[in-house]
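Pasting structure_32.cif here (mmCIF, C-alpha atoms):
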```cif
data_upload
#
loop_
_atom_site.label_atom_id
_atom_site.label_comp_id
_atom_site.auth_asym_id
_atom_site.auth_seq_id
_atom_site.Cartn_x
_atom_site.Cartn_y
_atom_site.Cartn_z
CA ALA T 1 13.17 -22.44 -23.90
CA VAL T 2 16.05 -24.30 -25.55
CA VAL T 3 18.46 -21.44 -24.83
CA THR T 4 17.32 -21.25 -21.22
CA VAL T 5 17.70 -24.99 -20.69
CA ALA T 6 21.07 -25.15 -22.47
CA PHE T 7 22.63 -22.26 -20.54
CA THR T 8 21.16 -23.37 -17.22
CA VAL T 9 22.43 -26.95 -17.62
CA PHE T 10 25.85 -25.73 -18.79
CA MET T 11 26.21 -23.30 -15.86
CA HIS T 12 24.94 -25.88 -13.36
CA ILE T 13 27.44 -28.50 -14.49
CA CYS T 14 30.32 -26.00 -14.60
CA PHE T 15 29.70 -24.37 -11.23
CA ASN T 16 27.71 -26.86 -9.17
CA GLY T 17 29.53 -30.00 -10.23
CA GLY T 18 27.16 -32.95 -10.39
CA ALA T 19 24.56 -33.47 -13.02
CA SER T 20 21.89 -35.53 -11.27
CA VAL T 21 18.60 -35.46 -13.14
CA SER T 22 16.72 -34.15 -10.10
CA ALA T 23 19.21 -31.30 -9.53
CA LEU T 24 19.17 -30.37 -13.23
CA ILE T 25 15.37 -30.26 -13.36
CA LYS T 26 15.27 -28.07 -10.25
CA GLU T 27 17.91 -25.78 -11.72
CA ILE T 28 16.08 -25.54 -15.06
CA LEU T 29 12.79 -24.64 -13.35
CA ASN T 30 14.36 -22.10 -11.00
CA SER T 31 17.89 -21.16 -12.00
CA SER T 32 20.16 -20.08 -9.19
CA ARG T 33 22.04 -17.91 -11.69
CA GLU T 34 20.81 -14.36 -11.15
CA PRO T 35 21.56 -13.04 -14.66
CA TYR T 36 19.10 -15.54 -16.18
CA TRP T 37 15.99 -13.88 -14.73
CA TYR T 38 15.37 -12.17 -18.07
CA LEU T 39 15.25 -15.51 -19.91
CA TYR T 40 12.45 -16.68 -17.63
CA MET T 41 10.65 -13.34 -18.00
CA TYR T 42 10.99 -13.58 -21.78
CA LEU T 43 9.54 -17.09 -21.75
CA GLY T 44 6.60 -15.82 -19.72
CA LEU T 45 6.06 -12.98 -22.20
CA LEU T 46 6.18 -15.42 -25.11
CA PHE T 47 3.46 -17.54 -23.48
CA ILE T 48 1.13 -14.55 -23.13
CA LEU T 49 2.20 -12.77 -26.35
CA PRO T 50 -0.66 -14.05 -28.57
CA VAL T 51 -3.21 -12.68 -26.09
CA MET T 52 -1.28 -9.41 -25.75
CA GLN T 53 -1.19 -9.01 -29.55
CA ARG T 54 -4.96 -9.43 -29.82
CA MET T 55 -5.45 -7.09 -26.89
CA ALA T 56 -3.18 -4.43 -28.41
CA LYS T 57 -5.07 -4.53 -31.71
CA ALA T 58 -8.43 -4.21 -29.94
CA LEU T 59 -7.43 -1.27 -27.72
CA SER T 60 -8.01 2.26 -28.92
CA ARG T 61 -5.15 4.73 -28.77
CA GLN T 62 -6.64 6.29 -25.61
CA GLU T 63 -7.11 2.89 -23.95
CA MET T 64 -3.51 2.03 -24.80
CA LEU T 65 -2.34 5.26 -23.13
CA ILE T 66 -4.36 4.39 -20.02
CA LEU T 67 -2.77 0.93 -19.98
CA LEU T 68 0.69 2.48 -20.32
CA PHE T 69 -0.06 4.98 -17.56
CA ALA T 70 -1.24 2.21 -15.23
CA THR T 71 1.60 -0.20 -15.92
CA LEU T 72 4.54 2.14 -16.31
CA LEU T 73 3.69 5.15 -14.19
CA VAL T 74 1.64 3.60 -11.39
CA GLY T 75 3.41 0.24 -11.53
CA GLY T 76 6.79 1.96 -11.71
CA VAL T 77 6.23 4.52 -8.94
CA VAL T 78 4.25 2.62 -6.29
CA PRO T 79 7.11 0.19 -5.46
CA MET T 80 9.51 3.16 -5.17
CA MET T 81 7.36 4.75 -2.48
CA GLU T 82 8.72 2.28 0.05
CA PHE T 83 12.08 4.07 -0.08
CA ALA T 84 10.30 7.30 0.88
CA GLY T 85 8.68 5.58 3.86
CA PHE T 86 5.28 4.87 2.28
CA LYS T 87 4.84 1.15 1.72
CA VAL T 88 1.86 0.15 -0.42
CA HIS T 89 0.54 -3.35 0.23
CA GLN T 90 2.16 -5.84 -2.13
CA ALA T 91 -1.23 -7.20 -3.18
CA PHE T 92 -1.85 -3.93 -5.05
CA GLY T 93 0.68 -5.16 -7.60
CA TYR T 94 -1.16 -8.45 -8.08
CA GLY T 95 -4.06 -6.70 -9.79
CA ILE T 96 -2.07 -4.54 -12.19
CA PHE T 97 -0.03 -5.56 -15.22
CA SER T 98 3.68 -5.47 -14.52
CA PRO T 99 5.90 -2.77 -15.99
CA TYR T 100 7.43 -5.51 -18.16
CA ILE T 101 4.06 -5.99 -19.84
CA GLY T 102 3.79 -2.20 -20.03
CA MET T 103 7.11 -1.98 -21.86
CA ALA T 104 5.95 -4.53 -24.42
CA PHE T 105 2.79 -2.47 -25.01
CA ALA T 106 4.89 0.71 -25.11
CA GLY T 107 6.94 -0.77 -27.94
CA TYR T 108 3.74 -1.62 -29.81
CA TYR T 109 2.33 1.87 -29.18
CA ILE T 110 5.53 3.57 -30.34
CA GLU T 111 5.69 1.57 -33.55
CA LYS T 112 1.97 1.77 -34.37
CA HIS T 113 0.90 5.20 -33.15
CA MET T 114 3.94 7.47 -33.02
CA ASP T 115 5.40 9.38 -35.90
CA ILE T 116 9.02 9.45 -34.81
CA THR T 117 10.48 12.61 -36.24
CA LYS T 118 14.10 13.62 -35.90
CA LYS T 119 13.03 16.19 -33.29
CA LYS T 120 11.22 13.55 -31.20
CA ALA T 121 14.23 11.26 -31.45
CA VAL T 122 16.59 14.02 -30.30
CA ILE T 123 14.25 14.95 -27.41
CA SER T 124 14.04 11.26 -26.46
CA GLY T 125 17.83 10.98 -26.55
CA ILE T 126 18.17 14.06 -24.33
CA CYS T 127 15.53 12.72 -21.92
CA PHE T 128 17.40 9.41 -21.79
CA ALA T 129 20.64 11.20 -20.91
CA LEU T 130 18.90 13.37 -18.29
CA PHE T 131 17.30 10.33 -16.65
CA ILE T 132 20.66 8.57 -16.52
CA LEU T 133 22.29 11.67 -14.99
CA LEU T 134 19.48 11.99 -12.45
CA GLN T 135 19.68 8.32 -11.53
CA THR T 136 23.46 8.57 -11.18
CA ALA T 137 23.17 11.67 -8.98
CA VAL T 138 20.54 10.08 -6.73
CA SER T 139 22.59 6.87 -6.51
CA TYR T 140 25.66 8.88 -5.54
CA LYS T 141 23.70 10.80 -2.90
CA SER T 142 22.31 7.50 -1.60
CA TYR T 143 25.81 6.07 -1.50
CA ILE T 144 27.02 9.00 0.60
CA THR T 145 24.00 9.14 2.95
CA ARG T 146 23.62 5.36 3.36
CA ASN T 147 27.32 4.66 3.81
CA GLY T 148 27.52 2.56 0.66
CA ILE T 149 24.59 0.31 1.57
CA ASP T 150 21.66 -0.18 -0.84
CA TYR T 151 22.59 2.85 -2.92
CA LEU T 152 21.54 1.24 -6.20
CA TRP T 153 17.88 1.04 -5.20
CA LEU T 154 16.84 2.96 -8.33
CA ASP T 155 18.22 0.16 -10.53
CA ASN T 156 15.12 -1.97 -10.08
CA THR T 157 14.03 -2.81 -13.63
CA ARG T 158 10.36 -2.29 -12.73
CA PHE T 159 10.91 1.26 -11.48
CA ILE T 160 10.03 4.22 -13.67
CA THR T 161 13.66 5.32 -13.35
CA VAL T 162 14.55 2.41 -15.63
CA THR T 163 11.44 1.98 -17.81
CA ILE T 164 11.13 5.59 -18.96
CA PRO T 165 14.79 5.90 -20.04
CA ALA T 166 14.46 2.53 -21.79
CA ILE T 167 11.47 3.84 -23.75
CA CYS T 168 13.31 7.09 -24.57
CA PHE T 169 16.29 5.07 -25.80
CA TYR T 170 13.98 2.87 -27.88
CA ILE T 171 12.42 5.89 -29.59
CA ALA T 172 15.82 7.46 -30.30
CA HIS T 173 17.29 4.22 -31.57
CA LEU T 174 14.34 3.61 -33.94
CA LYS T 175 14.98 6.93 -35.68
CA PHE T 176 18.72 6.22 -35.69
CA LEU T 177 18.07 2.88 -37.43
CA GLN T 178 15.75 4.53 -39.93
CA GLY T 179 18.54 6.94 -40.81
CA PHE T 180 20.85 4.06 -41.67
CA LEU T 181 18.32 1.75 -43.29
CA PHE T 182 16.07 4.19 -45.18
#
```

As C-alpha cells, the full file:
Amino acid sequence: AVVTVAFTVFMHICFNGGASVSALIKEILNSSREPYWYLYMYLGLLFILPVMQRMAKALSRQEMLILLFATLLVGGVVPMMEFAGFKVHQAFGYGIFSPYIGMAFAGYYIEKHMDITKKKAVISGICFALFILLQTAVSYKSYITRNGIDYLWLDNTRFITVTIPAICFYIAHLKFLQGFLF
C-alpha cells in the first residue's frame, strides 16, 4: 500500500501538476497511470491471501486441479471467444475466480504437489518458447489481416495465452534456481 501511494502521488505531482488533497485521494484510489494496475491487483490479492492460504491447504490435489482448470482454462479461454465471434455474457465471469487467483493457486500447486525434475523443467521451457512463438505468429497474422489495428489482442493477462506460458516459465525457473542454490 505504501509503495502504491508513494508512486501514485509522485507520478500525479510530476505529470498532473497540482497536489490538491482531493485530486491526490482520487488518484490514489484509482490511478490514471496504466502500468500501476498490477499494484492494485497485488493489494487485492494480499487482502484475500489469508483466506486463499486456508483454502489451498484444505483442498485435495484433485480439487486443486479442478480449481486450476476452472480459473485458468475456462477463465482464460471464455474471454478469448469474443475474438472468434462468440461472446459469452460478462456475468459468467462474476461467478468464477479470476485467472489471477488461478495463477496464485497454480504457484501453490507447483510448489506443494509437483516434483520438478530437470526433464519437466526443460519441457516447461520448451512449452514456454512454443507459446511465445505461437502468440507472436498469431499477433503478426492479426497485424496483417487487421491492418495494424488491435493485433495484440492475445496480450490480455487473463488469457490462457499469457497464463500458461507464465506457469511454464515459473516451473522452468524454479528448477533453474534449484540448480544454482542447491

Residue IDs satisfying the PyMOL selection byres ((chain T and resi 88-94) around 10), as a VMD selection string: chain T and resid 71 74 to 75 78 to 82 85 to 87 95 to 98

Segment 154-164 of chain T surroundings by all atoms listed in the file, 12 Å radius, close-in-sequence under 6 positions cut, as a PyMOL selection string: chain T and resi 37-38+41+68-83+93+97-104+106-107+124-125+127-143+170-171

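Between atom CA of Leu67 of chain T and atom CA of Leu43 of chain T lies a distance of 21.9 Å.
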
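Reported to one decimal place, the separation of atom CA of His173 of chain T from atom CA of Leu152 of chain T is 25.9 Å.
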
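Our summary of the geometry notes that atom CA of Glu27 of chain T is positioned 17.1 Å from atom CA of Gly44 of chain T.
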
Expansion of the PyMOL selection byres ((chain T and resi 47-60) around 9) into residues, as an MDAnalysis selection string: chainID T and resid 42:46 61:65 101 104:105 108:109

Suppose we keep C-alpha atoms; can you now write the selection as an mmCIF file, in the frame of the given file?
```cif
data_model
loop_
_atom_site.group_PDB
_atom_site.id
_atom_site.type_symbol
_atom_site.label_atom_id
_atom_site.label_comp_id
_atom_site.auth_asym_id
_atom_site.auth_seq_id
_atom_site.Cartn_x
_atom_site.Cartn_y
_atom_site.Cartn_z
ATOM 1 C CA TYR T 42 10.990 -13.580 -21.780
ATOM 2 C CA LEU T 43 9.540 -17.090 -21.750
ATOM 3 C CA GLY T 44 6.600 -15.820 -19.720
ATOM 4 C CA LEU T 45 6.060 -12.980 -22.200
ATOM 5 C CA LEU T 46 6.180 -15.420 -25.110
ATOM 6 C CA ARG T 61 -5.150 4.730 -28.770
ATOM 7 C CA GLN T 62 -6.640 6.290 -25.610
ATOM 8 C CA GLU T 63 -7.110 2.890 -23.950
ATOM 9 C CA MET T 64 -3.510 2.030 -24.800
ATOM 10 C CA LEU T 65 -2.340 5.260 -23.130
ATOM 11 C CA ILE T 101 4.060 -5.990 -19.840
ATOM 12 C CA ALA T 104 5.950 -4.530 -24.420
ATOM 13 C CA PHE T 105 2.790 -2.470 -25.010
ATOM 14 C CA TYR T 108 3.740 -1.620 -29.810
ATOM 15 C CA TYR T 109 2.330 1.870 -29.180
#
```

For Glu34 of chain T, the nearest of the candidates T:Thr8, T:Asp150, T:Ile13, T:Ser20, counting all atoms listed in the file: T:Thr8

Non-local contacts of Ile28 of chain T (10 Å; only C-alpha atoms; under 2 positions in same chain excluded) as a count of residues only: 17

From T:Ile144, T:Ile149, T:Cys14, T:Val122, residue lying nearest Lys175 of chain T [all atoms listed in the file]: T:Val122
